[in-house]
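**Student:** Pasting target-v4.tsv here (TSV, C-alpha atoms):
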```
chain	number	residue	atom	x	y	z
P	1	MET	CA	-40.06	37.22	-10.85
P	2	LYS	CA	-41.32	37.54	-7.29
P	3	ASN	CA	-38.71	38.77	-4.84
P	4	LYS	CA	-38.29	39.92	-1.28
P	5	LEU	CA	-36.05	42.87	-2.04
P	6	ARG	CA	-38.41	45.51	-0.66
P	7	VAL	CA	-38.93	43.55	2.56
P	8	LEU	CA	-35.21	42.93	3.03
P	9	ARG	CA	-34.45	46.60	2.35
P	10	ALA	CA	-37.10	47.75	4.83
P	11	GLU	CA	-35.74	45.40	7.51
P	12	ARG	CA	-32.41	47.17	7.26
P	13	LYS	CA	-34.10	50.60	7.06
P	14	TRP	CA	-32.39	51.37	3.75
P	15	SER	CA	-33.95	53.72	1.25
P	16	GLN	CA	-34.07	52.84	-2.46
P	17	GLY	CA	-31.38	55.43	-3.01
P	18	GLU	CA	-29.07	53.86	-0.43
P	19	LEU	CA	-29.63	50.37	-1.84
P	20	SER	CA	-28.95	51.63	-5.36
P	21	LEU	CA	-25.62	53.06	-4.20
P	22	LEU	CA	-24.69	49.80	-2.45
P	23	LEU	CA	-25.48	47.76	-5.57
P	24	GLY	CA	-24.01	50.24	-8.04
P	25	VAL	CA	-27.22	50.54	-10.05
P	26	SER	CA	-29.80	53.29	-10.62
P	27	ARG	CA	-32.74	53.94	-8.32
P	28	GLN	CA	-35.02	53.09	-11.24
P	29	ALA	CA	-33.40	49.64	-11.39
P	30	VAL	CA	-34.03	49.03	-7.67
P	31	ASN	CA	-37.63	50.26	-8.04
P	32	ALA	CA	-38.17	48.08	-11.12
P	33	ILE	CA	-36.84	44.96	-9.37
P	34	GLU	CA	-38.98	45.61	-6.28
P	35	THR	CA	-42.10	46.13	-8.38
P	36	GLU	CA	-41.21	43.01	-10.41
P	37	LYS	CA	-40.93	44.98	-13.66
P	38	HIS	CA	-37.35	43.87	-14.18
P	39	ASP	CA	-35.53	40.61	-13.44
P	40	PRO	CA	-31.91	41.34	-12.50
P	41	SER	CA	-29.05	39.81	-14.43
P	42	LEU	CA	-27.17	36.91	-12.87
P	43	GLU	CA	-24.35	39.27	-11.88
P	44	LEU	CA	-26.72	41.67	-10.14
P	45	ALA	CA	-28.66	38.83	-8.50
P	46	PHE	CA	-25.40	37.52	-7.01
P	47	LYS	CA	-24.52	41.04	-5.81
P	48	ILE	CA	-27.90	41.32	-4.12
P	49	ALA	CA	-27.48	37.90	-2.51
P	50	GLN	CA	-24.02	38.85	-1.30
P	51	LEU	CA	-25.24	42.17	0.10
P	52	PHE	CA	-28.06	40.57	2.09
P	53	GLN	CA	-25.94	37.46	2.89
P	54	MET	CA	-28.63	35.10	1.71
P	55	PRO	CA	-28.83	32.52	-1.08
P	56	ILE	CA	-30.34	33.82	-4.33
P	57	GLU	CA	-33.27	31.39	-4.12
P	58	LYS	CA	-34.24	32.86	-0.74
P	59	ILE	CA	-34.57	36.30	-2.30
P	60	PHE	CA	-35.97	35.51	-5.76
P	61	GLU	CA	-38.80	33.11	-6.47
P	62	PRO	CA	-39.44	32.01	-10.05
P	63	GLU	CA	-43.09	32.20	-11.05
P	64	THR	CA	-44.72	28.78	-11.35
P	65	ARG	CA	-47.03	28.24	-14.32
F	1	MET	CA	-43.35	49.48	2.04
F	2	THR	CA	-46.95	49.95	0.87
F	3	ALA	CA	-48.05	52.72	-1.42
F	4	MET	CA	-49.65	55.75	0.22
F	5	ASN	CA	-52.92	57.09	-1.08
F	6	PRO	CA	-51.98	60.74	-1.50
F	7	THR	CA	-55.59	61.90	-1.43
F	8	ALA	CA	-56.61	60.09	1.73
F	9	SER	CA	-54.96	62.14	4.45
F	10	HIS	CA	-55.02	65.68	2.94
F	11	PRO	CA	-57.53	65.75	0.07
F	12	THR	CA	-57.76	69.53	-0.26
F	13	ALA	CA	-54.00	70.05	-0.12
F	14	PHE	CA	-53.45	67.33	-2.71
F	15	HIS	CA	-56.04	68.69	-5.13
F	16	LEU	CA	-54.66	72.19	-4.64
F	17	LYS	CA	-51.17	70.95	-5.48
F	18	VAL	CA	-52.46	69.24	-8.64
F	19	LEU	CA	-54.26	72.44	-9.66
F	20	VAL	CA	-51.14	74.56	-9.09
F	21	ARG	CA	-49.04	72.11	-11.10
F	22	LEU	CA	-51.51	72.05	-13.98
F	23	LEU	CA	-51.77	75.86	-13.97
F	24	THR	CA	-47.97	76.13	-14.01
F	25	ILE	CA	-47.77	73.73	-16.93
F	26	GLY	CA	-50.50	75.70	-18.71
F	27	MET	CA	-48.70	79.00	-18.17
F	28	ALA	CA	-45.43	77.49	-19.35
F	29	GLY	CA	-47.22	76.21	-22.45
F	30	ALA	CA	-48.70	79.66	-23.12
F	31	ALA	CA	-45.28	81.28	-22.74
F	32	ALA	CA	-43.77	78.70	-25.08
F	33	GLY	CA	-46.51	79.29	-27.63
F	34	TYR	CA	-45.91	83.05	-27.50
F	35	GLY	CA	-42.16	82.49	-27.91
F	36	LEU	CA	-42.79	80.23	-30.88
F	37	MET	CA	-44.97	82.83	-32.60
F	38	GLN	CA	-42.29	85.46	-32.11
F	39	LEU	CA	-39.76	83.06	-33.66
F	40	VAL	CA	-42.07	82.43	-36.60
F	41	LYS	CA	-42.34	86.20	-37.20
F	42	LEU	CA	-38.59	86.71	-36.83
F	43	THR	CA	-37.62	83.98	-39.30
F	44	GLY	CA	-40.46	84.67	-41.74
F	45	LEU	CA	-41.70	81.07	-41.63
F	46	ALA	CA	-44.76	80.81	-43.88
F	47	VAL	CA	-47.01	78.82	-41.57
F	48	LYS	CA	-49.76	78.43	-44.17
F	49	THR	CA	-47.41	76.59	-46.53
F	50	LEU	CA	-46.46	73.96	-43.94
F	51	SER	CA	-47.49	70.40	-44.78
F	52	TRP	CA	-48.93	67.92	-42.29
F	53	PHE	CA	-45.49	66.32	-41.92
F	54	ASP	CA	-43.97	69.73	-41.17
F	55	VAL	CA	-46.56	70.25	-38.44
F	56	ILE	CA	-45.87	66.79	-37.02
F	57	SER	CA	-42.10	67.27	-37.03
F	58	MET	CA	-42.48	70.69	-35.41
F	59	SER	CA	-44.72	69.18	-32.74
F	60	ILE	CA	-42.20	66.43	-32.09
F	61	ALA	CA	-39.39	68.98	-31.87
F	62	LEU	CA	-41.35	71.14	-29.43
F	63	GLY	CA	-42.15	67.99	-27.45
F	64	PHE	CA	-38.44	67.22	-27.13
F	65	LEU	CA	-37.73	70.80	-26.09
F	66	ALA	CA	-40.49	70.72	-23.48
F	67	MET	CA	-39.27	67.38	-22.10
F	68	GLY	CA	-35.73	68.72	-21.94
F	69	LEU	CA	-36.89	71.79	-20.07
F	70	VAL	CA	-38.99	69.78	-17.62
F	71	SER	CA	-36.07	67.38	-17.05
F	72	ALA	CA	-33.75	70.30	-16.36
F	73	VAL	CA	-36.22	71.84	-13.90
F	74	ILE	CA	-36.63	68.53	-12.06
F	75	ALA	CA	-32.86	67.96	-12.04
F	76	SER	CA	-32.23	71.41	-10.55
F	77	ASN	CA	-33.66	70.25	-7.20
F	78	ARG	CA	-31.99	67.17	-5.69
F	79	LYS	CA	-34.96	66.10	-3.55
F	80	ARG	CA	-37.36	66.51	-6.46
F	81	LEU	CA	-35.03	64.56	-8.76
F	82	ALA	CA	-34.73	61.76	-6.20
F	83	ALA	CA	-38.53	61.59	-5.91
F	84	ALA	CA	-38.86	61.48	-9.71
F	85	LEU	CA	-36.33	58.64	-9.96
F	86	GLU	CA	-38.08	56.58	-7.29
F	87	SER	CA	-41.68	57.39	-8.09
F	88	SER	CA	-43.66	54.74	-9.89
F	89	VAL	CA	-46.90	56.76	-9.93
F	90	ASP	CA	-47.81	60.44	-9.89
F	91	PRO	CA	-46.22	61.89	-13.04
F	92	LEU	CA	-46.91	65.38	-11.72
F	93	LEU	CA	-44.73	64.61	-8.67
F	94	VAL	CA	-47.35	66.08	-6.36
F	95	ALA	CA	-47.15	63.19	-3.95
F	96	SER	CA	-44.64	60.42	-4.37
F	97	VAL	CA	-45.42	56.86	-3.49
F	98	GLN	CA	-42.38	56.96	-1.26
F	99	GLU	CA	-40.75	60.16	-0.10
F	100	ALA	CA	-37.17	59.85	-1.29
F	101	GLU	CA	-34.96	59.82	1.81
F	102	LEU	CA	-31.71	60.25	-0.03
F	103	PRO	CA	-31.43	63.38	-2.20
F	104	ALA	CA	-30.05	62.85	-5.69
F	105	THR	CA	-26.31	62.27	-5.85
F	106	ASP	CA	-23.88	64.25	-8.02
F	107	GLY	CA	-23.86	61.41	-10.56
F	108	GLU	CA	-27.66	61.32	-10.75
F	109	VAL	CA	-27.84	65.09	-11.25
F	110	ARG	CA	-25.18	64.89	-13.97
F	111	THR	CA	-27.09	62.10	-15.75
F	112	ALA	CA	-30.39	63.96	-15.51
F	113	MET	CA	-28.84	67.17	-16.85
F	114	THR	CA	-27.23	65.21	-19.71
F	115	GLN	CA	-30.62	63.69	-20.55
F	116	ALA	CA	-32.15	67.17	-20.49
F	117	ALA	CA	-29.42	68.43	-22.84
F	118	VAL	CA	-29.92	65.49	-25.23
F	119	LEU	CA	-33.67	66.15	-25.40
F	120	GLY	CA	-33.24	69.90	-25.77
F	121	LEU	CA	-30.65	69.51	-28.53
F	122	ALA	CA	-32.88	67.01	-30.34
F	123	GLY	CA	-35.67	69.58	-30.37
F	124	ILE	CA	-33.39	72.40	-31.56
F	125	LEU	CA	-31.84	70.21	-34.28
F	126	MET	CA	-35.29	69.36	-35.65
F	127	LEU	CA	-36.44	72.99	-35.55
F	128	ILE	CA	-33.44	74.64	-37.24
F	129	PRO	CA	-34.14	73.26	-40.76
F	130	MET	CA	-37.79	74.35	-40.44
F	131	PHE	CA	-37.06	77.90	-39.31
F	132	THR	CA	-34.23	78.52	-41.76
F	133	ILE	CA	-36.35	77.74	-44.84
F	134	ALA	CA	-37.29	81.39	-45.46
F	135	PRO	CA	-33.84	82.92	-44.78
F	136	VAL	CA	-32.14	80.28	-47.00
F	137	HIS	CA	-34.73	80.88	-49.71
F	138	ALA	CA	-33.90	84.56	-49.62
F	139	HIS	CA	-30.12	84.02	-49.33
F	140	PRO	CA	-29.15	80.54	-50.68
F	141	GLY	CA	-25.53	81.02	-49.59
F	142	LEU	CA	-26.63	80.78	-45.96
F	143	ALA	CA	-27.14	77.02	-46.27
F	144	ILE	CA	-23.35	76.46	-46.47
F	145	TRP	CA	-23.01	78.06	-43.04
F	146	ILE	CA	-26.11	76.58	-41.43
F	147	PHE	CA	-25.42	72.93	-42.25
F	148	PRO	CA	-21.99	72.76	-40.53
F	149	CYS	CA	-23.56	74.28	-37.40
F	150	ILE	CA	-26.25	71.61	-37.47
F	151	PHE	CA	-23.58	68.94	-37.99
F	152	VAL	CA	-21.53	70.12	-35.01
F	153	MET	CA	-24.64	70.18	-32.79
F	154	PHE	CA	-25.51	66.70	-34.05
F	155	LEU	CA	-22.04	65.45	-33.09
F	156	LEU	CA	-22.40	67.01	-29.63
F	157	GLN	CA	-25.83	65.44	-29.14
F	158	SER	CA	-24.51	62.06	-30.29
F	159	ALA	CA	-21.57	62.30	-27.88
F	160	LEU	CA	-23.93	63.07	-24.99
F	161	ASN	CA	-26.16	60.15	-26.01
F	162	LEU	CA	-23.15	57.84	-26.04
F	163	GLN	CA	-22.14	59.16	-22.62
F	164	LEU	CA	-25.63	58.32	-21.32
F	165	TRP	CA	-25.44	54.80	-22.76
F	166	LEU	CA	-21.98	54.15	-21.29
F	167	GLY	CA	-23.14	55.36	-17.87
F	168	SER	CA	-26.38	53.35	-17.90
F	169	ASP	CA	-26.98	50.26	-15.80
F	170	GLU	CA	-28.60	47.04	-17.04
F	171	PHE	CA	-32.14	48.28	-16.45
F	172	MET	CA	-31.68	51.60	-18.27
F	173	ARG	CA	-29.94	49.82	-21.17
F	174	LYS	CA	-32.84	47.38	-21.36
F	175	LEU	CA	-35.26	50.33	-21.62
F	176	ILE	CA	-33.14	52.04	-24.30
F	177	LEU	CA	-32.89	48.83	-26.33
F	178	SER	CA	-36.65	48.21	-25.98
F	179	VAL	CA	-37.36	51.66	-27.36
F	180	CYS	CA	-34.90	51.19	-30.23
F	181	ALA	CA	-36.28	47.77	-31.16
F	182	GLY	CA	-39.90	48.86	-30.84
F	183	SER	CA	-39.48	52.02	-32.88
F	184	PHE	CA	-37.54	50.12	-35.56
F	185	VAL	CA	-40.24	47.47	-35.91
F	186	VAL	CA	-43.06	50.01	-36.10
F	187	SER	CA	-41.30	52.46	-38.43
F	188	GLN	CA	-40.05	49.79	-40.81
F	189	GLY	CA	-43.58	48.42	-41.06
F	190	LEU	CA	-45.04	51.83	-41.81
F	191	LEU	CA	-42.25	52.66	-44.26
F	192	PHE	CA	-42.78	49.36	-46.04
F	193	LEU	CA	-46.47	50.18	-46.50
F	194	TRP	CA	-45.66	53.68	-47.78
F	195	ALA	CA	-42.94	52.39	-50.09
F	196	THR	CA	-45.28	49.77	-51.52
F	197	ALA	CA	-48.05	52.30	-52.05
F	198	GLU	CA	-45.52	54.62	-53.72
F	199	ARG	CA	-44.41	51.81	-56.05
F	200	LEU	CA	-48.01	51.25	-57.02
F	201	HIS	CA	-48.35	55.02	-57.64
F	202	LEU	CA	-50.99	55.33	-54.96
F	203	VAL	CA	-49.12	57.99	-52.95
F	204	VAL	CA	-46.50	60.66	-53.64
F	205	ALA	CA	-42.81	59.90	-53.13
F	206	ALA	CA	-41.66	60.38	-49.57
F	207	THR	CA	-38.91	62.92	-49.01
F	208	SER	CA	-36.12	62.06	-46.57
F	209	TRP	CA	-37.48	64.67	-44.12
F	210	ARG	CA	-40.87	62.92	-44.14
F	211	ILE	CA	-39.24	59.53	-43.56
F	212	PHE	CA	-37.23	61.04	-40.70
F	213	THR	CA	-40.40	62.59	-39.23
F	214	LEU	CA	-42.16	59.23	-39.38
F	215	MET	CA	-39.22	57.55	-37.61
F	216	MET	CA	-39.16	60.18	-34.87
F	217	ALA	CA	-42.93	59.89	-34.37
F	218	CYS	CA	-42.53	56.11	-33.96
F	219	TYR	CA	-39.61	56.70	-31.58
F	220	MET	CA	-41.64	59.08	-29.42
F	221	ALA	CA	-44.67	56.80	-29.31
F	222	THR	CA	-42.52	53.79	-28.42
F	223	SER	CA	-40.66	55.78	-25.73
F	224	PHE	CA	-43.93	56.73	-24.05
F	225	ALA	CA	-45.21	53.16	-24.22
F	226	VAL	CA	-42.00	51.69	-22.76
F	227	ALA	CA	-41.76	54.35	-20.04
F	228	ARG	CA	-45.42	53.82	-19.10
F	229	ARG	CA	-44.93	50.05	-18.84
F	230	ALA	CA	-41.84	50.54	-16.71
F	231	ARG	CA	-43.68	52.88	-14.34
F	232	ARG	CA	-46.86	50.88	-13.71
```
In structure tokens, how does this file's structure come out?
**Tutor:**
Amino acid sequence: MKNKLRVLRAERKWSQGELSLLLGVSRQAVNAIETEKHDPSLELAFKIAQLFQMPIEKIFEPETR
Amino acid sequence: MTAMNPTASHPTAFHLKVLVRLLTIGMAGAAAGYGLMQLVKLTGLAVKTLSWFDVISMSIALGFLAMGLVSAVIASNRKRLAAALESSVDPLLVASVQEAELPATDGEVRTAMTQAAVLGLAGILMLIPMFTIAPVHAHPGLAIWIFPCIFVMFLLQSALNLQLWLGSDEFMRKLILSVCAGSFVVSQGLLFLWATAERLHLVVAATSWRIFTLMMACYMATSFAVARRARR
């Protein structure tokens, strides 16, 4: 699933490590979400939305077929 | 953040780093090979009598040991560990896509060291039965002492594995489950074919060690495939 996580992180000048600490997940998880290798669970998606204070649909974009 | 081309700005430095890394790996491999030969001499392992499955299981065991050692070396340096965790290219860690700004935390070091221990113990556990063949043959009573030691090490390795699972996040658990599912599907398919051929008297009966070796080979192959997919 396309997402704007890397852009949002860069805007706040956070490293992957810092974002992983804020979300309570591994750096590999943050990297995998940013590179679209992993779609976060609903719980994690809500955490991300809460952290960036944006609706989920503004951060994640389902792929259209 | 876009990926850097590590060769673009300093081509000579980059190629030199790759060469040094490869030479280091080569020297480590040579040292490991020498150590292995010394162990073979010490335990009286009759190399010529080893079957193909013995060679495969020994290779898998040495692979686990090597991975455990490499993991421990990477985990011993917090910046290097952080780069390894964040890097999606460059398995030699010569130039990371993104220079990790935050060194590895205590928790990340602990997890990496636990993973190294799990891999190292897996290698040792697979090697012990191979290298104790000759001593047990000479002194059959030794087996009663060797097996409990293996069992205790197995319990320790299992406990560390469980600790890793409990400390994993959703992404790491997804990777672990992918490897488990993939290796099960492949190994059960191969075992079915062998079992069928055995029933039809086309092949010899498989010993439990051979079945275990086949499972571990499938596990290793699946692990590499899953890790490669996750890194691309």
**Student:** Within 6 Å of chain F, which residues of chain P show up? Give each one with its shortest atom-to-atom distance in Å (one decimal) and the two atoms involved, counting all atoms listed in the file, rows by chain then rising residue number, as JSON lines.
**Tutor:**
```
{"residue": "P:Gly17", "atom": "CA", "partner": "F:Leu102", "partner_atom": "CA", "distance": 5.7}
{"residue": "P:Val25", "atom": "CA", "partner": "F:Asp169", "partner_atom": "CA", "distance": 5.8}
{"residue": "P:Gln28", "atom": "CA", "partner": "F:Leu85", "partner_atom": "CA", "distance": 5.8}
{"residue": "P:Ala29", "atom": "CA", "partner": "F:Phe171", "partner_atom": "CA", "distance": 5.4}
```
**Student:** Which of these, P:Leu42, P:Glu34, P:Lys58, P:Glu63, has the shortest distance to Arg9 in chain P once you count only C-alpha atoms?
**Tutor:**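 Counting only C-alpha atoms, the residue closest to Arg9 in chain P is P:Glu34.
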**Student:** Could you give me, as a list of chain:residue names, the residues that have an atom at most 6 Å away from the point (-41.5, 34.3, -11.0) in the coordinates of the file, using only C-alpha atoms?
**Tutor:**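 Answer for this query, in the requested form: P:Met1, P:Lys2, P:Glu61, P:Pro62, P:Glu63.
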**Student:** So the first atom is CA of Leu119 in chain F and the second is CA of Leu50 in chain F; what is the distance between them in Å, to one decimal place?
**Tutor:** 23.8 Å
**Student:** Work out how far CA of Ala117 in chain F is from CA of Pro40 in chain P, in Å to one decimal.
**Tutor:**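 Interatomic distance, CA of Pro40 in chain P to CA of Ala117 in chain F: 29.1 Å.
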**Student:** Looking at all atoms listed in the file, which of F:Gln115, F:Thr207, F:Gln163, F:Gln188 is the one that sits closest to Phe64 in chain F?
**Tutor:**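 Between F:Gln115, F:Thr207, F:Gln163, F:Gln188, the residue approaching Phe64 in chain F most closely is F:Gln115.
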**Student:** Find, counting all atoms listed in the file, the residue in F:Ala221, F:Ile128, F:Leu160, F:Ile25 that gets nearest to Ala116 in chain F.
**Tutor:**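 Of F:Ala221, F:Ile128, F:Leu160, F:Ile25, the one nearest Ala116 in chain F is F:Leu160, counting all atoms listed in the file.
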**Student:** Do you have the CA of His15 in chain F-CA of Ser71 in chain F distance handy?
**Tutor:**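 Atom-to-atom, CA of His15 in chain F and CA of Ser71 in chain F are spaced 23.3 Å apart.
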**Student:** Have a look at F:Val20, F:Ile144, F:Val40, F:Met220 and name the one nearest to Ser187 in chain F; count only C-alpha atoms.
**Tutor:**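 Once distances to Ser187 in chain F are computed over only C-alpha atoms, the minimum belongs to F:Met220.
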**Student:** Excluding range 146-158 of chain F and any residue of its chain fewer than 6 positions from it, enumerate the residues within 12 Å of it, using all atoms listed in the file, and give them as JSON, numbers by chain.
**Tutor:** {"F": [114, 115, 116, 117, 118, 119, 120, 121, 122, 123, 124, 125, 126, 127, 128, 129, 130, 131, 132, 133, 135, 136, 139, 140, 164, 165]}
